[in-house]
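Written below as structure tokens is the structure these notes are about.
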Amino acid sequence: MRQLRLIIKREYWTRVRRKSFLIATLVTPLAFGLFVVVVNYILQYKSDEAIRIAVIDEGQLFDGGIADEENIFFKIVDTDLETIKDNFSSFKYHGILVTPSSGRLQQQEYRASYYTDQKLTLELEPVLVDRLRTALRKHKVAELQLDERSLEALNSQVDIEPKPVTPEAIVGTSMAGKIAAVIGMVMAFFMYITVFIYGMMVMRSVMEEKTNRIVEVMISSVKPFPLMLGKIIGVGMVGLTQVLAWAILVPLMLIGVSLLFGFDMGATNLPDTPPEFGDVDPQVLAAQIMTELGSFNWWVILPLFLLYFLGGYFMYAALFAAVGSAMGDDLGEGQSLTIPITIPVILAFYITIAAIQSPNSGLAIWASYFPLFSPIVMPARLPFDPPWWEIVISLVLLLGTCIGLIWLSGRIYRVGILLYGKKVSLWEMGKWIFRK
Amino acid sequence: MTNILEIKEVVKAYGSKIAVDRVSLTVPKGTIFGLLGPNGAGKTSLIRMITTITRPDAGEIILNGEPLNSDHPRQIGYLPEERGLYKKMKVGEHLLYLGQLKGLTAAAAKEASQRWLEKLGMLDRWNQPVEALSKGLQQQVQFIATIIHEPKLLILDEPFSGLDPVNTNRLKREIRLLNEQGTSIIFSTHRMEQVEEICEDIMLINAGQNVLQGAVSEIRERYKQYHFQLLYQGELPAAFAEHFPIIEQGKQSLTFAGKENETANTILRQLLQLGVQIRSFTEVLPSLNDIFIRTVGAAAPAS
């Protein structure tokens, strides 16, 4: 136990003190903040070029005026088209919009002409379309003698409110389902990334000890198993430290950035408001999301998430350690050995994408029992309140497999670290498990 | 309790390859024991079992009177042939770490590592990362790490490989000093001349099997070929060659073979009768290197 503690301490401190760790921990949130700033700037960038447009309103659509855009200015002119075209350069217009009559009232299509020498930009075209559409609608509503409020009534707002059949069932609101999906996806993605980053860190460290030739010195004092376990735990603690630092720094960064640059963070995170949310006022929507977020049972979700994180990390880190022990100095050569580990992780991630759409499908349930998948799939299902016994079965299976795989990896590790200059197949690694 | 280590009929196989085949040996307390053998003979496999890194398939290992158990690594200091250090760690930190892993308290480990660094004139390196040290200094740190916990049994696997003559001599001196203070030492190598110089008892293994065992002087006696060296003056009498086959003729010196079971006394008498003008006369005992080549060469399968 004392030795294990010493090993964990060393694995942890030598990493945390390293400059590369400090840089990665501090720079990642900074880079994230910078990214947000840049993205915001780009998204909010409006052309500073003033565009002046002459409108020849043949159809009398615009009853005397058109609303200007920030940098797009309309001017209704009486001059005829040919005159403007002849003196186009002296007018300094970007183009001339010619709006013919709207034609029959029942007619849906409408075609206006825009005379210009430049390409129609993505910025300009929607503005033109919007102005024409609004004008046409107004015109048609007046001509058809329709009541604006009856028209509004046609545009029904449909909202499905889930209601429990049995009183104790928690169904939440339809919004809750969408938020659950997002939370689930975020957790699954987090698992996916951390398993790879820190699992690989364990593998590299095992390889390093082997190529450094320190390992034989070490195992004359310590049994291989505590050496491997200590490394896994130490690196795991490094991972937790880093994640915790990010969990604090990234929101701080975002708040700082938004204060500094006055961005609307909500708008950044949802550049395109999903159509389901309709025309809801963003502030109302944000408030609604906040209350929905509060309604999740975080006291259950977060501890379970941590359990799955630990289970998943230990399981995969142990496998990576076993593979690292069998590898030589050559990373490329080991690629074929890591593939069997990376495939389940990637598969689990894709299953998760399916699982958050139908969290109680057979695939989702079985994948959240299967221990190689469950650390990624089950956390994604947690916001959907899966039955407690599914969680228990999944956790028990995960724990059992985790212990089993750590043990098996220890058997492989013990042999692998002392083997030099030999290419090892998976089959051979399997045989090491049974070696005395 | 006179033996630090007793190995009885130990067997170790890796798959179908038998690395150690019924090897037995005894290392008396306070001796320097030479474990000899060509590369791949099974020396490292044997040592790994003594250091509890691997377990024997059969046989028994008794350290200091007890069958090998998990407490024994603390009594053993092992300098493997494949050795290294954590390059990024500081010298002091590294020694503290390895010392504590061997069961020392933090305070004891600190005291011992400072004492040793001081002794080797390296105390100022305490806060330097290992990778900043020269190869020779790294080896010294490695040596300190091996003996920091004052092991009863010190096992050195090819300790001089990669060392320059200065460092080799320094290490030899340290080994002798430790031995004088009562540390038993197993010295594993394929370099015979080093063994002759340092060891009292040796064992020679080849292809996993014990080929030869005993005190160095006794073994050389056992393998002697009745060769004698003679330095003479003047002309060699013509009858000399009829009596003794000449093995090597030098300038006013030669090596010749006597008959079996003849002693230096009887030969000397014959030389005097032949009228050889003797300047010096010695019996030539075979070097361990010769014995090694003879026994291993004979034992090695003809392939």
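Identifiers in the structure tokens: chain A, B, ... in order shown; residue index from 1 per chain; ligand index from 1 in order shown.
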Next item on the list: Would you kindly report the residues of chain A within 10 Å of chain B, using only C-alpha atoms, as number ranges by chain?
Entry: A: 2-7, 9-10, 14, 18, 208-224, 414-415, 418, 431-432, 435-436
Residues as selected, N, CA, C and O atoms, written as a tab-separated table (two decimals), in the first residue's frame, can you do that?
```
chain	number	residue	atom	x	y	z
A	2	ARG	N	1.93	1.19	0.84
A	2	ARG	CA	2.82	2.33	0.94
A	2	ARG	C	3.50	2.58	-0.42
A	2	ARG	O	3.62	3.71	-0.87
A	3	GLN	N	3.88	1.46	-1.05
A	3	GLN	CA	4.54	1.59	-2.35
A	3	GLN	C	3.58	2.16	-3.38
A	3	GLN	O	3.96	3.03	-4.15
A	4	LEU	N	2.33	1.66	-3.34
A	4	LEU	CA	1.34	2.15	-4.30
A	4	LEU	C	1.17	3.66	-4.13
A	4	LEU	O	1.13	4.41	-5.11
A	5	ARG	N	1.13	4.10	-2.87
A	5	ARG	CA	0.97	5.52	-2.61
A	5	ARG	C	2.16	6.31	-3.17
A	5	ARG	O	1.99	7.36	-3.78
A	6	LEU	N	3.34	5.77	-2.95
A	6	LEU	CA	4.54	6.45	-3.46
A	6	LEU	C	4.50	6.56	-4.99
A	6	LEU	O	4.84	7.60	-5.56
A	7	ILE	N	4.08	5.48	-5.62
A	7	ILE	CA	4.05	5.47	-7.09
A	7	ILE	C	3.03	6.48	-7.60
A	7	ILE	O	3.30	7.27	-8.51
A	9	LYS	N	1.94	9.07	-6.11
A	9	LYS	CA	2.44	10.41	-5.83
A	9	LYS	C	3.44	10.86	-6.92
A	9	LYS	O	3.35	11.96	-7.44
A	10	ARG	N	4.35	9.95	-7.24
A	10	ARG	CA	5.34	10.30	-8.25
A	10	ARG	C	4.69	10.54	-9.61
A	10	ARG	O	4.96	11.54	-10.27
A	14	THR	N	5.11	14.40	-10.94
A	14	THR	CA	6.02	14.67	-12.05
A	14	THR	C	5.25	15.20	-13.26
A	14	THR	O	5.77	15.98	-14.03
A	18	ARG	N	5.09	19.44	-14.64
A	18	ARG	CA	5.72	19.64	-15.95
A	18	ARG	C	5.18	20.88	-16.63
A	18	ARG	O	4.01	21.20	-16.52
A	208	GLU	N	7.54	4.45	-22.30
A	208	GLU	CA	8.71	5.25	-21.95
A	208	GLU	C	9.56	4.53	-20.90
A	208	GLU	O	10.77	4.45	-21.02
A	209	GLU	N	8.88	3.98	-19.90
A	209	GLU	CA	9.61	3.27	-18.84
A	209	GLU	C	10.33	2.07	-19.42
A	209	GLU	O	11.41	1.71	-18.98
A	210	LYS	N	9.70	1.49	-20.41
A	210	LYS	CA	10.32	0.32	-21.00
A	210	LYS	C	11.54	0.72	-21.83
A	210	LYS	O	12.60	0.12	-21.71
A	211	THR	N	11.40	1.74	-22.64
A	211	THR	CA	12.52	2.15	-23.48
A	211	THR	C	13.63	2.80	-22.66
A	211	THR	O	14.79	2.72	-23.01
A	212	ASN	N	13.24	3.44	-21.56
A	212	ASN	CA	14.23	4.04	-20.66
A	212	ASN	C	15.02	3.00	-19.88
A	212	ASN	O	15.97	3.34	-19.20
A	213	ARG	N	14.54	1.78	-19.90
A	213	ARG	CA	15.15	0.69	-19.15
A	213	ARG	C	15.09	0.92	-17.65
A	213	ARG	O	15.91	0.41	-16.91
A	214	ILE	N	14.13	1.72	-17.21
A	214	ILE	CA	14.02	1.91	-15.76
A	214	ILE	C	13.17	0.80	-15.16
A	214	ILE	O	13.25	0.50	-13.98
A	215	VAL	N	12.40	0.15	-16.02
A	215	VAL	CA	11.36	-0.72	-15.49
A	215	VAL	C	11.93	-1.89	-14.71
A	215	VAL	O	11.39	-2.29	-13.69
A	216	GLU	N	13.09	-2.41	-15.16
A	216	GLU	CA	13.64	-3.55	-14.43
A	216	GLU	C	14.18	-3.13	-13.07
A	216	GLU	O	14.12	-3.88	-12.10
A	217	VAL	N	14.69	-1.90	-13.01
A	217	VAL	CA	15.11	-1.36	-11.72
A	217	VAL	C	13.91	-1.28	-10.79
A	217	VAL	O	13.95	-1.66	-9.63
A	218	MET	N	12.79	-0.79	-11.36
A	218	MET	CA	11.58	-0.61	-10.56
A	218	MET	C	11.04	-1.93	-10.03
A	218	MET	O	10.73	-2.05	-8.85
A	219	ILE	N	10.94	-2.92	-10.91
A	219	ILE	CA	10.26	-4.13	-10.46
A	219	ILE	C	11.15	-5.01	-9.61
A	219	ILE	O	10.71	-6.04	-9.13
A	220	SER	N	12.41	-4.61	-9.38
A	220	SER	CA	13.15	-5.34	-8.37
A	220	SER	C	12.78	-4.81	-6.98
A	220	SER	O	13.14	-5.40	-5.97
A	221	SER	N	12.07	-3.67	-6.94
A	221	SER	CA	11.59	-3.16	-5.65
A	221	SER	C	10.08	-3.33	-5.50
A	221	SER	O	9.57	-3.47	-4.41
A	222	VAL	N	9.36	-3.25	-6.62
A	222	VAL	CA	7.90	-3.23	-6.57
A	222	VAL	C	7.38	-4.31	-7.50
A	222	VAL	O	7.96	-4.57	-8.54
A	223	LYS	N	6.27	-4.90	-7.11
A	223	LYS	CA	5.63	-5.86	-8.02
A	223	LYS	C	5.08	-5.10	-9.22
A	223	LYS	O	4.68	-3.93	-9.09
A	224	PRO	N	5.04	-5.74	-10.39
A	224	PRO	CA	4.54	-5.02	-11.57
A	224	PRO	C	3.12	-4.49	-11.40
A	224	PRO	O	2.80	-3.41	-11.87
A	414	ARG	N	3.05	-7.48	-16.78
A	414	ARG	CA	4.12	-8.16	-16.05
A	414	ARG	C	5.11	-8.84	-17.00
A	414	ARG	O	6.32	-8.81	-16.79
A	415	VAL	N	4.58	-9.47	-18.05
A	415	VAL	CA	5.47	-10.15	-19.00
A	415	VAL	C	6.02	-9.16	-20.02
A	415	VAL	O	7.21	-9.16	-20.34
A	418	LEU	N	9.21	-6.79	-19.59
A	418	LEU	CA	10.56	-7.35	-19.55
A	418	LEU	C	11.01	-7.88	-20.90
A	418	LEU	O	12.09	-8.44	-21.03
A	431	LYS	N	-1.57	-15.27	-24.51
A	431	LYS	CA	-0.91	-16.41	-23.86
A	431	LYS	C	-0.20	-15.98	-22.57
A	431	LYS	O	-0.08	-16.76	-21.63
A	432	TRP	N	0.25	-14.71	-22.56
A	432	TRP	CA	0.96	-14.23	-21.36
A	432	TRP	C	0.07	-14.27	-20.13
A	432	TRP	O	0.54	-14.38	-19.01
A	435	ARG	N	0.56	-17.36	-18.33
A	435	ARG	CA	1.92	-17.74	-17.95
A	435	ARG	C	2.08	-17.64	-16.44
A	435	ARG	O	1.54	-16.76	-15.80
A	436	LYS	N	2.84	-18.58	-15.92
A	436	LYS	CA	2.98	-18.60	-14.46
A	436	LYS	C	3.84	-17.44	-13.99
A	436	LYS	O	4.80	-17.07	-14.64
```
Excluding region 422-427 of chain A and residues on its chain fewer than 3 positions from it, collect all residues at most 8 Å away from it, counting only C-alpha atoms, and give them as a tab-separated table (two decimals) with N, CA, C and O atoms, in the first residue's frame.
```
chain	number	residue	atom	x	y	z
A	326	ALA	N	3.53	-4.17	-24.22
A	326	ALA	CA	3.92	-5.12	-25.27
A	326	ALA	C	4.62	-4.44	-26.43
A	326	ALA	O	5.27	-5.09	-27.24
A	327	MET	N	4.51	-3.11	-26.49
A	327	MET	CA	5.11	-2.39	-27.61
A	327	MET	C	6.58	-2.18	-27.40
A	327	MET	O	7.04	-2.07	-26.27
A	328	GLY	N	7.27	-2.05	-28.49
A	328	GLY	CA	8.68	-1.69	-28.42
A	328	GLY	C	8.81	-0.19	-28.39
A	328	GLY	O	7.91	0.52	-27.95
A	337	LEU	N	-1.94	-2.89	-32.42
A	337	LEU	CA	-2.35	-3.38	-31.11
A	337	LEU	C	-3.37	-2.45	-30.45
A	337	LEU	O	-4.18	-2.89	-29.65
A	419	LEU	N	10.16	-7.68	-21.90
A	419	LEU	CA	10.47	-8.25	-23.20
A	419	LEU	C	10.99	-7.18	-24.14
A	419	LEU	O	10.34	-6.16	-24.34
A	430	GLY	N	-2.27	-12.73	-25.33
A	430	GLY	CA	-3.27	-13.56	-24.68
A	430	GLY	C	-2.62	-14.71	-23.93
A	430	GLY	O	-3.02	-15.05	-22.81
A	431	LYS	N	-1.57	-15.27	-24.51
A	431	LYS	CA	-0.91	-16.41	-23.86
A	431	LYS	C	-0.20	-15.98	-22.57
A	431	LYS	O	-0.08	-16.76	-21.63
```
Next item on the list: Name all residues at most 12 Å from Glu262 (chain B) (count only C-alpha atoms; drop same-chain ones fewer than 6 positions away) and give them as a ChimeraX atom specification.
Entry: /B:224-228,244,268-270,283
Can you tell me, as a compact mmCIF listing (two decimals) with N, CA and C atoms, in the first residue's frame, what residues are no more than 6 Å from region 23-32 of chain B when counting only C-alpha atoms, ignoring any on the same chain fewer than 2 positions away?
```
# COMPACT_ATOMS: atom_id res chain seq x y z
N THR B 2 25.25 -19.51 7.56
CA THR B 2 26.49 -19.07 6.92
C THR B 2 26.28 -18.71 5.46
N ASN B 3 25.10 -19.09 4.91
CA ASN B 3 24.87 -18.79 3.49
C ASN B 3 23.84 -17.68 3.33
N ILE B 4 24.17 -16.70 2.51
CA ILE B 4 23.19 -15.66 2.23
C ILE B 4 22.16 -16.19 1.24
N LEU B 5 22.61 -17.05 0.34
CA LEU B 5 21.69 -17.51 -0.71
C LEU B 5 21.93 -18.98 -1.01
N GLU B 6 20.82 -19.72 -1.05
CA GLU B 6 20.91 -21.12 -1.50
C GLU B 6 19.87 -21.33 -2.58
N ILE B 7 20.32 -21.85 -3.69
CA ILE B 7 19.39 -22.13 -4.79
C ILE B 7 19.43 -23.63 -5.03
N LYS B 8 18.23 -24.23 -5.04
CA LYS B 8 18.19 -25.69 -5.16
C LYS B 8 17.36 -26.10 -6.36
N GLU B 9 18.03 -26.68 -7.34
CA GLU B 9 17.35 -27.32 -8.48
C GLU B 9 16.29 -26.42 -9.12
N VAL B 10 16.66 -25.19 -9.38
CA VAL B 10 15.68 -24.25 -9.89
C VAL B 10 15.50 -24.39 -11.39
N ASP B 21 17.87 -24.54 -16.10
CA ASP B 21 17.57 -25.96 -16.05
C ASP B 21 18.26 -26.58 -14.82
N GLY B 182 30.66 -6.24 4.79
CA GLY B 182 29.81 -7.40 5.07
C GLY B 182 28.73 -7.67 4.04
N THR B 183 28.65 -6.88 2.98
CA THR B 183 27.63 -7.13 1.96
C THR B 183 28.06 -8.31 1.09
N SER B 184 27.14 -9.25 0.92
CA SER B 184 27.41 -10.35 -0.01
C SER B 184 27.07 -9.86 -1.41
N ILE B 185 27.88 -10.28 -2.37
CA ILE B 185 27.70 -9.73 -3.71
C ILE B 185 27.67 -10.85 -4.74
N ILE B 186 26.68 -10.77 -5.63
CA ILE B 186 26.67 -11.66 -6.80
C ILE B 186 27.00 -10.81 -8.01
N CYS B 199 36.27 -12.00 -7.79
CA CYS B 199 35.46 -13.01 -7.11
C CYS B 199 36.28 -14.08 -6.40
N GLU B 200 35.66 -14.62 -5.35
CA GLU B 200 36.26 -15.77 -4.67
C GLU B 200 35.68 -17.07 -5.22
N ASN B 210 24.13 -25.65 -15.10
CA ASN B 210 25.30 -25.42 -14.28
C ASN B 210 26.46 -26.24 -14.86
```
Next item on the list: Apply DSSP to the structure's backbone, then extract all residues of region 69-268 of chain B labelled helix (DSSP H, G or I) and return them as a PyMOL selection string.
Entry: chain B and resi 72-75+91-101+106-119+123-125+130-132+135-147+165-180+192-198+216-222+240-243+264-268
Check: Which of region 73-270 of chain A counts as strand (DSSP E or B) under DSSP, as JSON, numbers by chain please?
Finding: {"A": [73, 74, 75, 76, 95, 96, 97, 98, 113, 114, 115, 116]}
Output of the above residues as a tab-separated table (two decimals), in the first residue's frame, restricted to all heavy atoms:
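Contents of selection_29.tsv, as written:
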```tsv
chain	number	residue	atom	x	y	z
A	73	PHE	N	-28.98	50.79	-48.48
A	73	PHE	CA	-29.90	51.93	-48.55
A	73	PHE	C	-30.70	51.87	-49.83
A	73	PHE	O	-30.16	51.71	-50.92
A	73	PHE	CB	-29.11	53.23	-48.48
A	73	PHE	CG	-28.20	53.29	-47.27
A	73	PHE	CD1	-26.85	53.01	-47.39
A	73	PHE	CD2	-28.71	53.62	-46.02
A	73	PHE	CE1	-26.02	53.04	-46.28
A	73	PHE	CE2	-27.89	53.66	-44.92
A	73	PHE	CZ	-26.54	53.37	-45.03
A	74	PHE	N	-32.02	51.96	-49.66
A	74	PHE	CA	-32.90	51.93	-50.84
A	74	PHE	C	-33.35	53.35	-51.18
A	74	PHE	O	-33.54	54.18	-50.29
A	74	PHE	CB	-34.13	51.07	-50.54
A	74	PHE	CG	-33.81	49.62	-50.31
A	74	PHE	CD1	-33.69	49.12	-49.03
A	74	PHE	CD2	-33.63	48.76	-51.39
A	74	PHE	CE1	-33.40	47.79	-48.81
A	74	PHE	CE2	-33.34	47.43	-51.18
A	74	PHE	CZ	-33.22	46.94	-49.89
A	75	LYS	N	-33.51	53.58	-52.47
A	75	LYS	CA	-34.06	54.87	-52.87
A	75	LYS	C	-35.04	54.64	-54.01
A	75	LYS	O	-34.70	54.03	-55.03
A	75	LYS	CB	-32.94	55.80	-53.33
A	75	LYS	CG	-33.43	57.21	-53.51
A	75	LYS	CD	-32.31	58.11	-54.00
A	75	LYS	CE	-32.88	59.52	-54.17
A	75	LYS	NZ	-31.99	60.33	-55.00
A	76	ILE	N	-36.27	55.04	-53.78
A	76	ILE	CA	-37.26	54.87	-54.85
A	76	ILE	C	-37.09	56.03	-55.82
A	76	ILE	O	-37.08	57.20	-55.42
A	76	ILE	CB	-38.68	54.84	-54.27
A	76	ILE	CG1	-38.79	53.62	-53.33
A	76	ILE	CG2	-39.72	54.77	-55.37
A	76	ILE	CD1	-40.08	53.52	-52.60
A	95	GLY	N	-26.95	48.73	-57.64
A	95	GLY	CA	-27.80	48.10	-58.64
A	95	GLY	C	-29.15	48.78	-58.69
A	95	GLY	O	-29.45	49.68	-57.91
A	96	ILE	N	-29.97	48.30	-59.63
A	96	ILE	CA	-31.30	48.87	-59.80
A	96	ILE	C	-32.31	47.74	-59.65
A	96	ILE	O	-32.25	46.74	-60.38
A	96	ILE	CB	-31.45	49.49	-61.20
A	96	ILE	CG1	-30.26	50.41	-61.51
A	96	ILE	CG2	-32.77	50.24	-61.32
A	96	ILE	CD1	-29.91	50.44	-62.97
A	97	LEU	N	-33.22	47.89	-58.70
A	97	LEU	CA	-34.25	46.88	-58.51
A	97	LEU	C	-35.50	47.34	-59.24
A	97	LEU	O	-36.01	48.43	-58.99
A	97	LEU	CB	-34.53	46.71	-57.01
A	97	LEU	CG	-35.56	45.65	-56.62
A	97	LEU	CD1	-35.04	44.26	-56.95
A	97	LEU	CD2	-35.90	45.76	-55.14
A	98	VAL	N	-35.96	46.49	-60.14
A	98	VAL	CA	-37.16	46.84	-60.89
A	98	VAL	C	-38.27	45.89	-60.47
A	98	VAL	O	-38.13	44.66	-60.57
A	98	VAL	CB	-36.91	46.73	-62.41
A	98	VAL	CG1	-38.18	47.11	-63.17
A	98	VAL	CG2	-35.76	47.61	-62.82
A	113	SER	N	-36.50	42.14	-61.18
A	113	SER	CA	-35.18	42.16	-61.82
A	113	SER	C	-34.25	43.07	-61.03
A	113	SER	O	-34.68	44.10	-60.49
A	113	SER	CB	-35.28	42.67	-63.25
A	113	SER	OG	-36.36	42.04	-63.90
A	114	TYR	N	-33.01	42.65	-60.99
A	114	TYR	CA	-32.02	43.48	-60.32
A	114	TYR	C	-30.87	43.70	-61.28
A	114	TYR	O	-30.16	42.76	-61.64
A	114	TYR	CB	-31.53	42.78	-59.05
A	114	TYR	CG	-30.60	43.61	-58.21
A	114	TYR	CD1	-31.07	44.78	-57.57
A	114	TYR	CD2	-29.27	43.26	-58.04
A	114	TYR	CE1	-30.23	45.55	-56.80
A	114	TYR	CE2	-28.42	44.03	-57.27
A	114	TYR	CZ	-28.91	45.17	-56.66
A	114	TYR	OH	-28.08	45.95	-55.90
A	115	TYR	N	-30.69	44.94	-61.70
A	115	TYR	CA	-29.65	45.24	-62.67
A	115	TYR	C	-28.39	45.65	-61.93
A	115	TYR	O	-28.41	46.59	-61.14
A	115	TYR	CB	-30.08	46.37	-63.60
A	115	TYR	CG	-31.24	45.98	-64.49
A	115	TYR	CD1	-32.55	46.14	-64.08
A	115	TYR	CD2	-30.98	45.43	-65.76
A	115	TYR	CE1	-33.60	45.77	-64.87
A	115	TYR	CE2	-32.04	45.06	-66.57
A	115	TYR	CZ	-33.35	45.23	-66.14
A	115	TYR	OH	-34.38	44.86	-66.93
A	116	THR	N	-27.34	44.90	-62.18
A	116	THR	CA	-26.08	45.25	-61.50
A	116	THR	C	-24.93	44.68	-62.30
A	116	THR	O	-25.12	43.79	-63.15
A	116	THR	CB	-26.06	44.70	-60.08
A	116	THR	OG1	-24.86	45.12	-59.44
A	116	THR	CG2	-26.11	43.17	-60.07
```
Item checked: Contact residues around Pro29 (chain A) with only C-alpha atoms at 8 Å, ignoring same-chain residues under 4 positions, as an MDAnalysis selection string -> chainID A and resid 25 33 246 249:250 253
Checklist line | Spatial neighbours of Met192 (chain B), 7 Å, only C-alpha atoms, chain gap at least 2 places, as a list in words | finding: His190, Gln194, Val195, Glu196, Leu288 and Asn289 of chain B
Take the residues just selected and output them with all heavy atoms as a PDB file, in the first residue's frame.
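Final output, saved to out_8.pdb:
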```pdb
ATOM      1  N   HIS B 190      29.949 -11.836 -18.475  1.00  0.00           N
ATOM      2  CA  HIS B 190      30.575 -12.769 -19.397  1.00  0.00           C
ATOM      3  C   HIS B 190      32.039 -12.392 -19.590  1.00  0.00           C
ATOM      4  O   HIS B 190      32.734 -12.981 -20.408  1.00  0.00           O
ATOM      5  CB  HIS B 190      29.813 -12.795 -20.717  1.00  0.00           C
ATOM      6  CG  HIS B 190      29.876 -11.507 -21.478  1.00  0.00           C
ATOM      7  ND1 HIS B 190      29.020 -10.467 -21.199  1.00  0.00           N
ATOM      8  CD2 HIS B 190      30.683 -11.089 -22.464  1.00  0.00           C
ATOM      9  CE1 HIS B 190      29.305  -9.455 -22.005  1.00  0.00           C
ATOM     10  NE2 HIS B 190      30.311  -9.799 -22.775  1.00  0.00           N
ATOM     11  N   GLN B 194      37.424  -9.937 -15.372  1.00  0.00           N
ATOM     12  CA  GLN B 194      36.918  -9.169 -14.245  1.00  0.00           C
ATOM     13  C   GLN B 194      36.622 -10.081 -13.060  1.00  0.00           C
ATOM     14  O   GLN B 194      36.843  -9.721 -11.911  1.00  0.00           O
ATOM     15  CB  GLN B 194      35.638  -8.438 -14.637  1.00  0.00           C
ATOM     16  CG  GLN B 194      35.877  -7.340 -15.644  1.00  0.00           C
ATOM     17  CD  GLN B 194      34.573  -6.762 -16.163  1.00  0.00           C
ATOM     18  OE1 GLN B 194      33.503  -7.287 -15.906  1.00  0.00           O
ATOM     19  NE2 GLN B 194      34.691  -5.680 -16.910  1.00  0.00           N
ATOM     20  N   VAL B 195      36.144 -11.267 -13.363  1.00  0.00           N
ATOM     21  CA  VAL B 195      35.764 -12.208 -12.316  1.00  0.00           C
ATOM     22  C   VAL B 195      36.993 -12.659 -11.544  1.00  0.00           C
ATOM     23  O   VAL B 195      37.025 -12.674 -10.320  1.00  0.00           O
ATOM     24  CB  VAL B 195      35.067 -13.418 -12.937  1.00  0.00           C
ATOM     25  CG1 VAL B 195      34.736 -14.426 -11.871  1.00  0.00           C
ATOM     26  CG2 VAL B 195      33.834 -12.965 -13.663  1.00  0.00           C
ATOM     27  N   GLU B 196      38.027 -13.021 -12.292  1.00  0.00           N
ATOM     28  CA  GLU B 196      39.257 -13.497 -11.680  1.00  0.00           C
ATOM     29  C   GLU B 196      39.784 -12.495 -10.664  1.00  0.00           C
ATOM     30  O   GLU B 196      40.305 -12.842  -9.620  1.00  0.00           O
ATOM     31  CB  GLU B 196      40.316 -13.689 -12.775  1.00  0.00           C
ATOM     32  CG  GLU B 196      40.774 -15.095 -12.878  1.00  0.00           C
ATOM     33  CD  GLU B 196      41.391 -15.385 -14.235  1.00  0.00           C
ATOM     34  OE1 GLU B 196      40.772 -15.033 -15.264  1.00  0.00           O
ATOM     35  OE2 GLU B 196      42.477 -15.932 -14.256  1.00  0.00           O
ATOM     36  N   LEU B 288      40.536 -18.238 -16.283  1.00  0.00           N
ATOM     37  CA  LEU B 288      39.123 -18.601 -16.337  1.00  0.00           C
ATOM     38  C   LEU B 288      38.610 -18.510 -17.765  1.00  0.00           C
ATOM     39  O   LEU B 288      37.733 -19.263 -18.176  1.00  0.00           O
ATOM     40  CB  LEU B 288      38.295 -17.689 -15.429  1.00  0.00           C
ATOM     41  CG  LEU B 288      38.335 -18.022 -13.941  1.00  0.00           C
ATOM     42  CD1 LEU B 288      37.505 -17.016 -13.166  1.00  0.00           C
ATOM     43  CD2 LEU B 288      37.800 -19.430 -13.691  1.00  0.00           C
ATOM     44  N   ASN B 289      39.177 -17.575 -18.493  1.00  0.00           N
ATOM     45  CA  ASN B 289      38.776 -17.410 -19.875  1.00  0.00           C
ATOM     46  C   ASN B 289      39.028 -18.693 -20.674  1.00  0.00           C
ATOM     47  O   ASN B 289      38.169 -19.161 -21.425  1.00  0.00           O
ATOM     48  CB  ASN B 289      39.542 -16.236 -20.476  1.00  0.00           C
ATOM     49  CG  ASN B 289      38.791 -15.616 -21.631  1.00  0.00           C
ATOM     50  OD1 ASN B 289      37.557 -15.698 -21.674  1.00  0.00           O
ATOM     51  ND2 ASN B 289      39.507 -15.029 -22.556  1.00  0.00           N
TER      52      ASN B 289
END
```
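Of the listed residues A:Gln157, A:Ser368, A:Val300, A:Phe320, the one whose atoms come nearest to Phe196 (chain A) is A:Phe320, with distances taken using only C-alpha atoms.
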